[in-house]
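Worksheet for the structure shown next.
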Amino acid sequence: MAGLVSSGASSRSPASRYRSALWLLTTRDLKVRYSTSALGYFWSILDPLVMSGIYWFVFTQVFTREVGEDPYIVFLLCGLLPWMWFTGAASDSTRAFISEAKLVRSTKIPRTIWVFRLIASKGVEFLASLPVLAAFAIGAGATLTVHALLWPLAFLLQAILLMGIGLIVAPLVVFFRDLERAVKLILRFLFYASPIVYASADLPEAFHFWAAFNPLSGIFSIYRAAFFPDQLDWFYVGVSAAMSIAFLLVGLLLFRRSIRAVLKEI
């Protein structure tokens, strides 16, 4: 770990050293996570696959489905795969400082890295799961549209949103340990309040406007537009962008003001 702050430090810019440290910690997380697992990478896609299979069976074989679009399995995966990135990163952020307390205190690298590395590692898992989506899309006969070119925008907005949430949650949990459990409950509620098994357009008309203030609504509409162009709603995307940036600004402000107290507490 000393290499994060010493090796080649004098000849590289701060931004370059930051990126190198972030990448080193991200790859370390991924290696540790799968080093003792026989299935390795497949664990990162097994959860969304199982969930997709359950919801596909319930809404296509048990009940008459009135939500989403066909092929429904592709519709589901377009929401579940980015949701797994979101919920995994948000949940792990609650332990960003507590789980690595000694390293956070002893190393000189910017402390934001301990939050961002969790978001990055979950983002890598999300990207690694996209071949599964592609396989189901081909198998189900889904047509890829030009809106797939907007995916980098969705990826960027989701990363910004997660960075903001992580910078808010990580320091607060140090002082309020019950917040870790509260985050899990909020994520459970947010799963059903987000357009994952349904589309925002499937909600009653009275809720359409308010659904935009769930920042995931606009982000997921971009992901789904790759196969279902009618799902793209630029009003939702605009609100999601504004809220993601707002979360990041609040997170940076809170993080900056609390980090000294955090280092004393952990």
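In the structure tokens, chains take letters A, B, ... by order of appearance, with residues numbered from 1 within each chain and ligands from 1 in the order shown.
Using only C-alpha atoms, the contacts of A:Ala246 at a cut-off of 12 Å, with sequence neighbours closer than 6 positions omitted, comprise Leu157, Ile160, Leu161, Leu162, Met163, Gly164, Ile165, Ile168, Pro215, Val239, Ser240, Leu252 and Leu253 of chain A.
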Just-selected residues, C-alpha atoms written as a CSV table (one decimal), in the first residue's frame:
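Below is the file that was written, out_12.csv:
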chain,number,residue,atom,x,y,z
A,157,LEU,CA,-25.0,10.1,-14.6
A,160,ILE,CA,-22.1,10.9,-10.5
A,161,LEU,CA,-25.2,10.0,-8.5
A,162,LEU,CA,-23.4,7.2,-6.7
A,163,MET,CA,-20.4,9.4,-5.9
A,164,GLY,CA,-22.7,11.9,-4.3
A,165,ILE,CA,-24.6,9.3,-2.3
A,168,ILE,CA,-22.9,11.6,2.1
A,215,PRO,CA,-33.1,10.1,-10.2
A,239,VAL,CA,-34.2,15.9,-13.7
A,240,SER,CA,-31.9,12.9,-13.1
A,252,LEU,CA,-18.5,17.0,-1.6
A,253,LEU,CA,-19.4,19.7,0.8
| request: Check stretch 33-133 of chain A with DSSP on the backbone and list each residue it calls alpha helix (DSSP H), as a PyMOL selection string. | output: chain A and resi 33-35+43-57+72-93+101-106+113-133
For those residues, write C-alpha atoms to a file as an mmCIF file, in the first residue's frame.
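File written: result_37.cif
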data_model
loop_
_atom_site.group_PDB
_atom_site.id
_atom_site.type_symbol
_atom_site.label_atom_id
_atom_site.label_comp_id
_atom_site.auth_asym_id
_atom_site.auth_seq_id
_atom_site.Cartn_x
_atom_site.Cartn_y
_atom_site.Cartn_z
ATOM 1 C CA ARG A 33 -13.848 -10.522 -3.798
ATOM 2 C CA TYR A 34 -13.357 -13.398 -6.236
ATOM 3 C CA SER A 35 -10.043 -14.924 -5.129
ATOM 4 C CA TRP A 43 -21.460 -14.415 -9.037
ATOM 5 C CA SER A 44 -21.703 -10.811 -10.263
ATOM 6 C CA ILE A 45 -24.395 -11.775 -12.771
ATOM 7 C CA LEU A 46 -26.092 -14.619 -10.928
ATOM 8 C CA ASP A 47 -28.175 -12.393 -8.640
ATOM 9 C CA PRO A 48 -29.750 -10.254 -11.405
ATOM 10 C CA LEU A 49 -30.273 -13.371 -13.529
ATOM 11 C CA VAL A 50 -32.136 -15.154 -10.738
ATOM 12 C CA MET A 51 -34.212 -12.063 -9.989
ATOM 13 C CA SER A 52 -34.988 -11.584 -13.679
ATOM 14 C CA GLY A 53 -36.029 -15.208 -13.967
ATOM 15 C CA ILE A 54 -38.362 -14.908 -10.980
ATOM 16 C CA TYR A 55 -40.034 -11.722 -12.181
ATOM 17 C CA TRP A 56 -40.246 -13.006 -15.747
ATOM 18 C CA PHE A 57 -42.004 -16.153 -14.511
ATOM 19 C CA TYR A 72 -39.864 -8.732 -21.110
ATOM 20 C CA ILE A 73 -36.672 -10.517 -20.028
ATOM 21 C CA VAL A 74 -34.622 -7.882 -21.877
ATOM 22 C CA PHE A 75 -36.777 -5.134 -20.386
ATOM 23 C CA LEU A 76 -36.082 -6.542 -16.914
ATOM 24 C CA LEU A 77 -32.333 -6.902 -17.384
ATOM 25 C CA CYS A 78 -32.050 -3.303 -18.631
ATOM 26 C CA GLY A 79 -33.291 -2.240 -15.205
ATOM 27 C CA LEU A 80 -31.905 -4.949 -12.941
ATOM 28 C CA LEU A 81 -28.279 -4.846 -14.094
ATOM 29 C CA PRO A 82 -27.779 -1.108 -13.405
ATOM 30 C CA TRP A 83 -29.841 -1.511 -10.226
ATOM 31 C CA MET A 84 -27.348 -4.102 -8.949
ATOM 32 C CA TRP A 85 -24.571 -1.569 -9.509
ATOM 33 C CA PHE A 86 -26.570 1.101 -7.675
ATOM 34 C CA THR A 87 -27.622 -0.957 -4.671
ATOM 35 C CA GLY A 88 -24.223 -2.665 -4.338
ATOM 36 C CA ALA A 89 -22.271 0.601 -4.375
ATOM 37 C CA ALA A 90 -24.708 2.444 -2.086
ATOM 38 C CA SER A 91 -24.742 -0.424 0.408
ATOM 39 C CA ASP A 92 -20.956 -0.879 0.390
ATOM 40 C CA SER A 93 -20.448 2.869 0.887
ATOM 41 C CA ALA A 101 -10.092 2.216 9.203
ATOM 42 C CA LYS A 102 -6.352 1.645 9.654
ATOM 43 C CA LEU A 103 -5.507 2.306 6.020
ATOM 44 C CA VAL A 104 -7.767 5.359 5.859
ATOM 45 C CA ARG A 105 -5.961 6.874 8.852
ATOM 46 C CA SER A 106 -2.414 5.928 7.866
ATOM 47 C CA ILE A 113 -10.739 7.319 -3.016
ATOM 48 C CA TRP A 114 -12.066 4.962 -0.321
ATOM 49 C CA VAL A 115 -15.587 5.765 -1.484
ATOM 50 C CA PHE A 116 -14.949 5.995 -5.212
ATOM 51 C CA ARG A 117 -13.138 2.642 -5.383
ATOM 52 C CA LEU A 118 -16.344 0.896 -4.265
ATOM 53 C CA ILE A 119 -18.360 2.637 -6.961
ATOM 54 C CA ALA A 120 -15.701 1.818 -9.547
ATOM 55 C CA SER A 121 -15.485 -1.873 -8.636
ATOM 56 C CA LYS A 122 -19.270 -2.272 -8.813
ATOM 57 C CA GLY A 123 -19.228 -0.353 -12.094
ATOM 58 C CA VAL A 124 -16.697 -2.793 -13.522
ATOM 59 C CA GLU A 125 -18.988 -5.663 -12.498
ATOM 60 C CA PHE A 126 -21.875 -3.925 -14.244
ATOM 61 C CA LEU A 127 -19.883 -3.584 -17.465
ATOM 62 C CA ALA A 128 -18.825 -7.224 -17.170
ATOM 63 C CA SER A 129 -22.497 -8.263 -17.017
ATOM 64 C CA LEU A 130 -23.457 -6.553 -20.287
ATOM 65 C CA PRO A 131 -22.568 -9.606 -22.446
ATOM 66 C CA VAL A 132 -25.354 -11.426 -20.589
ATOM 67 C CA LEU A 133 -27.819 -8.725 -21.612
#
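Minimum distance to A:Phe255 across A:Ala159, A:Ala199, A:Val169, A:Ala193 (counting only C-alpha atoms) occurs at A:Val169.
Here atom CA of A:Leu156 is placed at a distance of 27.7 Å from atom CA of A:Val174.
In this model, the gap between atom CA of A:Phe220 and atom CA of A:Leu153 comes to 11.0 Å.
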| query | Which residue, A:Arg224, A:Arg95, A:Lys31, A:Lys108, has the smallest gap to A:Arg17 when you use only C-alpha atoms? | reply | A:Lys108
